[in-house]
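This report concerns only the one structure given below.
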Amino acid sequence: MSNGNEEAVAIQASNVVKVYDSSVHALNGANLTLQRREFVALMGPSGCGKSTLLHLIAALDTPTSGNIVVNGRDLRAAGNDKYRRCEVGLVFQLHNLLPHLNALENVQIPMFSNGMGRKEKVQRAHDLLREMDLEAKAKMTPPRLSGGERQRLAIARALANSPTILLADEPTGSLDSEAVDRVLDLFRRVRQEHGVTILLATHDNYVASVADRIVHMKDGQMVETPPPKRAAVER
Amino acid sequence: MTIDSITYNIVGIYSVGNPFADSASMLPLSWLQGRERLSGDVTLIFVKTTTGTDIAALRSQIEQDHPEIATVQTASEFGRIDRNLSLISAADMGVSVLALFMGAVGVMNTTLMSVFERTREFGVLRAVGWSRGRLMIMVMGEALVIALAGAVVGTGLGFVAIQVIKQLPQVVGFFHPVYPASVFGQALGVAVGMAFFGVIYPAARAALLKPMEALRHE
């Protein structure tokens, strides 16, 4: 039985442990709660477990122990393909676009079994590219796009099936400052216009400053969150 | 004409339309039996029938009346009486099976290499929600399309090769290729079947990749 508070929770990670090769402890009892439509930045040094936690929330991997509930769904339950396709959108640092497909086709990759006809899918992909200011590059393949354009294309793909949660793993890590601002502005806009919950992993204070809340991680655990430094952070 | 120091007088040239018979020479039976020291032996008898004769019934009757005689109607049936032809036929079949097996291994090897090179791509597809089944169908579908294209190109090349072989003096008269639709159907079936068996393992391997491991693949 659920109550109002549970319904307002988008992501609930409880005591999540992830151990690789029986000895590498990537997560040591991580706890994280995100409310719906919240924009949270996950900060910490390299190797602190940010990416691992994101990957577990995206159901790309399974925790060694602990549990993760997203939109009321326990990810330990089998069959997470549809969850990955429809409920979460993933943005990686290195884009992970398919180089032999053009921008329009890349956006359509997740759009199957979503009830849309072919024309609708193409239209949806065009709409997303327009939203990301990439309409003119629809026929271009990723190698012909700049880093910022590729990342915007990756965001468009992540939004293809209108997910409720957007997970971004160091999305600005390989971008110049101008492209970073553009991508961050896009995240803000996506949150407002699409009403998605955003969890963004970064080690950059400037990038984290655009979030509603910053959660710090160290050695696979959450550490006490310092007060937001949004006003103080500038580039 | 002189063969093996024996001079023969050619009294006529015949053609019955059967390459096996047309490549032979006719000699007086008694003379040939004497030369081969096989007096009284007959190893081959041609039977000429009248129009409308039931060949199958005639053959059945001959073999029933003379159990020591085997009848053949076409050159390809000579295996019934000549064990060497049976062996050649078996060897031919063995080579064909080996070629098919090697083809299937080739398909598997090529597809495995492709799967290995595209590991990261499969990781991305799994990350955006593609199921194992869908991924497997994609890999198998690609292999089957390539196999069909290969079958079409192979059929064309085979046709050209046959036209060339037909012109070789060694096979003129023996080699009369026919192209019934069933041959093309069999070629298509073999190509698709070979691709199917060759791609099962690579496709399963692609489908069983764990998304994170695939995404980390360099």
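Each chain in the structure tokens gets a letter, A, B and so on, in the order shown; residues start at 1 in every chain, and ligands are counted from 1 in the order they appear.
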Hey, which bits of chain A sit within 6 Å of chain B, and for each residue what's the closest pair of atoms and how far apart in Å (one decimal), counting only C-alpha atoms, rows by chain and increasing number, as a Markdown table?
| residue | atom | partner | partner_atom | distance |
| --- | --- | --- | --- | --- |
| A:Leu60 | CA | B:Pro211 | CA | 5.6 |
| A:Asp81 | CA | B:Gly129 | CA | 4.6 |
| A:Lys82 | CA | B:Gly129 | CA | 5.9 |
| A:Arg84 | CA | B:Gly129 | CA | 4.8 |
| A:Arg85 | CA | B:Gly129 | CA | 4.0 |
| A:Pro110 | CA | B:Val128 | CA | 5.6 |
I need the residues in range 69-181 of chain B that are helix (DSSP H, G or I) according to DSSP; give them as JSON, numbers by chain.
{"B": [75, 76, 77, 78, 79, 80, 83, 84, 85, 86, 87, 88, 89, 90, 91, 92, 93, 94, 95, 96, 97, 98, 99, 100, 101, 102, 103, 104, 105, 106, 107, 108, 109, 110, 111, 112, 113, 114, 115, 116, 117, 119, 120, 121, 122, 123, 124, 125, 126, 127, 132, 133, 134, 135, 136, 137, 138, 139, 140, 141, 142, 143, 144, 145, 146, 147, 148, 149, 150, 151, 152, 153, 154, 155, 156, 157, 158, 159, 160, 161, 162, 163, 164, 165, 166, 181]}
Atoms to include: C-alpha atoms. Write the selected residues as a PDB file, in the first residue's frame.
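Wrote it out as result-v7.pdb, contents follow:
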ATOM      1  CA  ALA B  75      23.822 -41.936 -67.174  1.00  0.00           C
ATOM      2  CA  SER B  76      23.356 -40.878 -63.552  1.00  0.00           C
ATOM      3  CA  GLU B  77      21.952 -44.348 -62.795  1.00  0.00           C
ATOM      4  CA  PHE B  78      25.166 -46.106 -63.729  1.00  0.00           C
ATOM      5  CA  GLY B  79      26.041 -46.145 -60.044  1.00  0.00           C
ATOM      6  CA  ARG B  80      23.661 -49.103 -59.787  1.00  0.00           C
ATOM      7  CA  ARG B  83      30.623 -49.300 -57.774  1.00  0.00           C
ATOM      8  CA  ASN B  84      33.231 -46.716 -58.789  1.00  0.00           C
ATOM      9  CA  LEU B  85      30.470 -44.337 -59.765  1.00  0.00           C
ATOM     10  CA  SER B  86      28.839 -44.908 -56.386  1.00  0.00           C
ATOM     11  CA  LEU B  87      32.121 -44.081 -54.690  1.00  0.00           C
ATOM     12  CA  ILE B  88      32.519 -40.958 -56.796  1.00  0.00           C
ATOM     13  CA  SER B  89      28.996 -39.964 -55.910  1.00  0.00           C
ATOM     14  CA  ALA B  90      29.667 -40.545 -52.211  1.00  0.00           C
ATOM     15  CA  ALA B  91      32.889 -38.546 -52.410  1.00  0.00           C
ATOM     16  CA  ASP B  92      31.002 -35.794 -54.175  1.00  0.00           C
ATOM     17  CA  MET B  93      28.461 -35.747 -51.366  1.00  0.00           C
ATOM     18  CA  GLY B  94      31.241 -35.746 -48.765  1.00  0.00           C
ATOM     19  CA  VAL B  95      32.942 -32.768 -50.395  1.00  0.00           C
ATOM     20  CA  SER B  96      29.605 -30.935 -50.533  1.00  0.00           C
ATOM     21  CA  VAL B  97      28.922 -31.577 -46.846  1.00  0.00           C
ATOM     22  CA  LEU B  98      32.459 -30.475 -45.970  1.00  0.00           C
ATOM     23  CA  ALA B  99      32.014 -27.318 -48.042  1.00  0.00           C
ATOM     24  CA  LEU B 100      28.737 -26.579 -46.244  1.00  0.00           C
ATOM     25  CA  PHE B 101      30.351 -27.164 -42.876  1.00  0.00           C
ATOM     26  CA  MET B 102      33.241 -24.867 -43.759  1.00  0.00           C
ATOM     27  CA  GLY B 103      30.747 -22.304 -44.999  1.00  0.00           C
ATOM     28  CA  ALA B 104      28.884 -22.435 -41.697  1.00  0.00           C
ATOM     29  CA  VAL B 105      32.162 -22.102 -39.782  1.00  0.00           C
ATOM     30  CA  GLY B 106      33.058 -19.155 -42.010  1.00  0.00           C
ATOM     31  CA  VAL B 107      29.738 -17.468 -41.266  1.00  0.00           C
ATOM     32  CA  MET B 108      30.244 -18.109 -37.548  1.00  0.00           C
ATOM     33  CA  ASN B 109      33.783 -16.772 -37.588  1.00  0.00           C
ATOM     34  CA  THR B 110      32.850 -13.635 -39.507  1.00  0.00           C
ATOM     35  CA  THR B 111      29.811 -12.957 -37.344  1.00  0.00           C
ATOM     36  CA  LEU B 112      31.804 -13.574 -34.157  1.00  0.00           C
ATOM     37  CA  MET B 113      34.397 -11.039 -35.250  1.00  0.00           C
ATOM     38  CA  SER B 114      31.644  -8.573 -36.053  1.00  0.00           C
ATOM     39  CA  VAL B 115      29.986  -9.183 -32.672  1.00  0.00           C
ATOM     40  CA  PHE B 116      33.316  -8.661 -30.929  1.00  0.00           C
ATOM     41  CA  GLU B 117      33.966  -5.413 -32.772  1.00  0.00           C
ATOM     42  CA  THR B 119      30.404  -5.097 -28.387  1.00  0.00           C
ATOM     43  CA  ARG B 120      30.108  -1.483 -27.276  1.00  0.00           C
ATOM     44  CA  GLU B 121      27.285  -0.870 -29.755  1.00  0.00           C
ATOM     45  CA  PHE B 122      25.377  -3.810 -28.300  1.00  0.00           C
ATOM     46  CA  GLY B 123      25.995  -2.392 -24.827  1.00  0.00           C
ATOM     47  CA  VAL B 124      24.437   0.896 -25.931  1.00  0.00           C
ATOM     48  CA  LEU B 125      21.452  -0.898 -27.407  1.00  0.00           C
ATOM     49  CA  ARG B 126      20.953  -2.883 -24.194  1.00  0.00           C
ATOM     50  CA  ALA B 127      21.353   0.338 -22.196  1.00  0.00           C
ATOM     51  CA  ARG B 132      18.265  -9.894 -25.455  1.00  0.00           C
ATOM     52  CA  GLY B 133      15.786 -11.380 -27.909  1.00  0.00           C
ATOM     53  CA  ARG B 134      15.637  -8.243 -30.019  1.00  0.00           C
ATOM     54  CA  LEU B 135      19.410  -8.045 -30.156  1.00  0.00           C
ATOM     55  CA  MET B 136      19.628 -11.702 -31.154  1.00  0.00           C
ATOM     56  CA  ILE B 137      17.059 -11.211 -33.896  1.00  0.00           C
ATOM     57  CA  MET B 138      19.003  -8.202 -35.198  1.00  0.00           C
ATOM     58  CA  VAL B 139      22.292 -10.132 -35.416  1.00  0.00           C
ATOM     59  CA  MET B 140      20.602 -13.140 -37.027  1.00  0.00           C
ATOM     60  CA  GLY B 141      18.661 -10.922 -39.408  1.00  0.00           C
ATOM     61  CA  GLU B 142      21.830  -9.176 -40.549  1.00  0.00           C
ATOM     62  CA  ALA B 143      23.553 -12.528 -41.138  1.00  0.00           C
ATOM     63  CA  LEU B 144      20.587 -13.854 -43.109  1.00  0.00           C
ATOM     64  CA  VAL B 145      20.441 -10.749 -45.304  1.00  0.00           C
ATOM     65  CA  ILE B 146      24.168 -11.094 -46.028  1.00  0.00           C
ATOM     66  CA  ALA B 147      23.649 -14.813 -46.728  1.00  0.00           C
ATOM     67  CA  LEU B 148      20.823 -14.058 -49.182  1.00  0.00           C
ATOM     68  CA  ALA B 149      22.945 -11.453 -50.936  1.00  0.00           C
ATOM     69  CA  GLY B 150      25.781 -13.992 -51.040  1.00  0.00           C
ATOM     70  CA  ALA B 151      23.436 -16.611 -52.478  1.00  0.00           C
ATOM     71  CA  VAL B 152      22.358 -14.267 -55.280  1.00  0.00           C
ATOM     72  CA  VAL B 153      25.951 -13.300 -56.118  1.00  0.00           C
ATOM     73  CA  GLY B 154      27.080 -16.941 -55.773  1.00  0.00           C
ATOM     74  CA  THR B 155      24.337 -18.127 -58.107  1.00  0.00           C
ATOM     75  CA  GLY B 156      25.443 -15.609 -60.722  1.00  0.00           C
ATOM     76  CA  LEU B 157      29.095 -16.578 -60.370  1.00  0.00           C
ATOM     77  CA  GLY B 158      28.157 -20.264 -60.472  1.00  0.00           C
ATOM     78  CA  PHE B 159      26.220 -19.741 -63.694  1.00  0.00           C
ATOM     79  CA  VAL B 160      29.183 -17.974 -65.280  1.00  0.00           C
ATOM     80  CA  ALA B 161      31.546 -20.742 -64.081  1.00  0.00           C
ATOM     81  CA  ILE B 162      29.299 -23.406 -65.615  1.00  0.00           C
ATOM     82  CA  GLN B 163      29.302 -21.574 -68.944  1.00  0.00           C
ATOM     83  CA  VAL B 164      33.117 -21.539 -68.867  1.00  0.00           C
ATOM     84  CA  ILE B 165      33.433 -25.191 -67.804  1.00  0.00           C
ATOM     85  CA  LYS B 166      31.042 -26.235 -70.565  1.00  0.00           C
ATOM     86  CA  ALA B 181      13.691 -23.969 -60.256  1.00  0.00           C
TER      87      ALA B 181
END
Which value, in Å to one decimal, gives the distance between CA of Leu175 in chain A and CA of Pro163 in chain A?
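Answer for the CA of Leu175 in chain A to CA of Pro163 in chain A separation: 24.6 Å.
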Would you compute the distance between CA of Arg37 in chain A and CA of Phe112 in chain A? Give it in Å to one decimal.
25.4 Å
Go through A:Val17, A:Cys86, A:Leu166, A:Ala211 one by one, measure the shortest atom-to-atom distance of each to Thr197 in chain A using only C-alpha atoms, and give the residue with the smallest value.
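Using only C-alpha atoms, Thr197 in chain A sits closest to A:Leu166.
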For the atom pair CA of Ala41 in chain A and CA of Arg213 in chain A, what is the interatomic distance in Å to one decimal place?
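Going from CA of Ala41 in chain A over to CA of Arg213 in chain A covers 6.3 Å.
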Neighbouring residues of Leu58 in chain B were defined as those with any atom within 10 Å, considering only C-alpha atoms; residues of the same chain fewer than 6 positions away were excluded. Please report them as an NGL selection string.
:B and (49 or 64 or 71)
Can you pull out the residues contacting range 193-195 of chain A? Cut-off 9 Å, using only C-alpha atoms, and skip same-chain residues under 6 positions away; I want them as a ChimeraX atom specification.
/A:36-38,159,162-165
Convert the current residue selection to file output with N, CA and C atoms, as a PDB file, in the first residue's frame.
ATOM      1  N   ARG A  36      10.162  13.320  -6.892  1.00  0.00           N
ATOM      2  CA  ARG A  36       9.805  13.502  -8.302  1.00  0.00           C
ATOM      3  C   ARG A  36      10.103  14.936  -8.739  1.00  0.00           C
ATOM      4  N   ARG A  37      10.622  15.076  -9.928  1.00  0.00           N
ATOM      5  CA  ARG A  37      10.958  16.351 -10.568  1.00  0.00           C
ATOM      6  C   ARG A  37      12.117  17.080  -9.876  1.00  0.00           C
ATOM      7  N   GLU A  38      12.803  16.375  -9.004  1.00  0.00           N
ATOM      8  CA  GLU A  38      13.940  17.001  -8.354  1.00  0.00           C
ATOM      9  C   GLU A  38      15.160  16.889  -9.267  1.00  0.00           C
ATOM     10  N   LEU A 159      15.605  11.247 -24.149  1.00  0.00           N
ATOM     11  CA  LEU A 159      14.213  11.694 -23.935  1.00  0.00           C
ATOM     12  C   LEU A 159      13.235  11.042 -24.918  1.00  0.00           C
ATOM     13  N   SER A 162      10.043   9.643 -23.571  1.00  0.00           N
ATOM     14  CA  SER A 162       9.485  10.475 -22.487  1.00  0.00           C
ATOM     15  C   SER A 162       9.680   9.830 -21.119  1.00  0.00           C
ATOM     16  N   PRO A 163      10.927   9.599 -20.728  1.00  0.00           N
ATOM     17  CA  PRO A 163      11.159   8.970 -19.417  1.00  0.00           C
ATOM     18  C   PRO A 163      10.817   9.924 -18.284  1.00  0.00           C
ATOM     19  N   THR A 164      10.606   9.370 -17.107  1.00  0.00           N
ATOM     20  CA  THR A 164      10.326  10.225 -15.945  1.00  0.00           C
ATOM     21  C   THR A 164      11.625  10.562 -15.217  1.00  0.00           C
ATOM     22  N   ILE A 165      12.679   9.801 -15.546  1.00  0.00           N
ATOM     23  CA  ILE A 165      13.965  10.014 -14.864  1.00  0.00           C
ATOM     24  C   ILE A 165      15.083  10.131 -15.888  1.00  0.00           C
TER      25      ILE A 165
END
Using only C-alpha atoms, pick whichever of A:Thr202, A:Asn15, A:Gln192, A:Asn114 has the shortest atom-to-atom distance to Leu167 in chain A.
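Looking at the shortest contact to Leu167 in chain A, the residue is A:Thr202.
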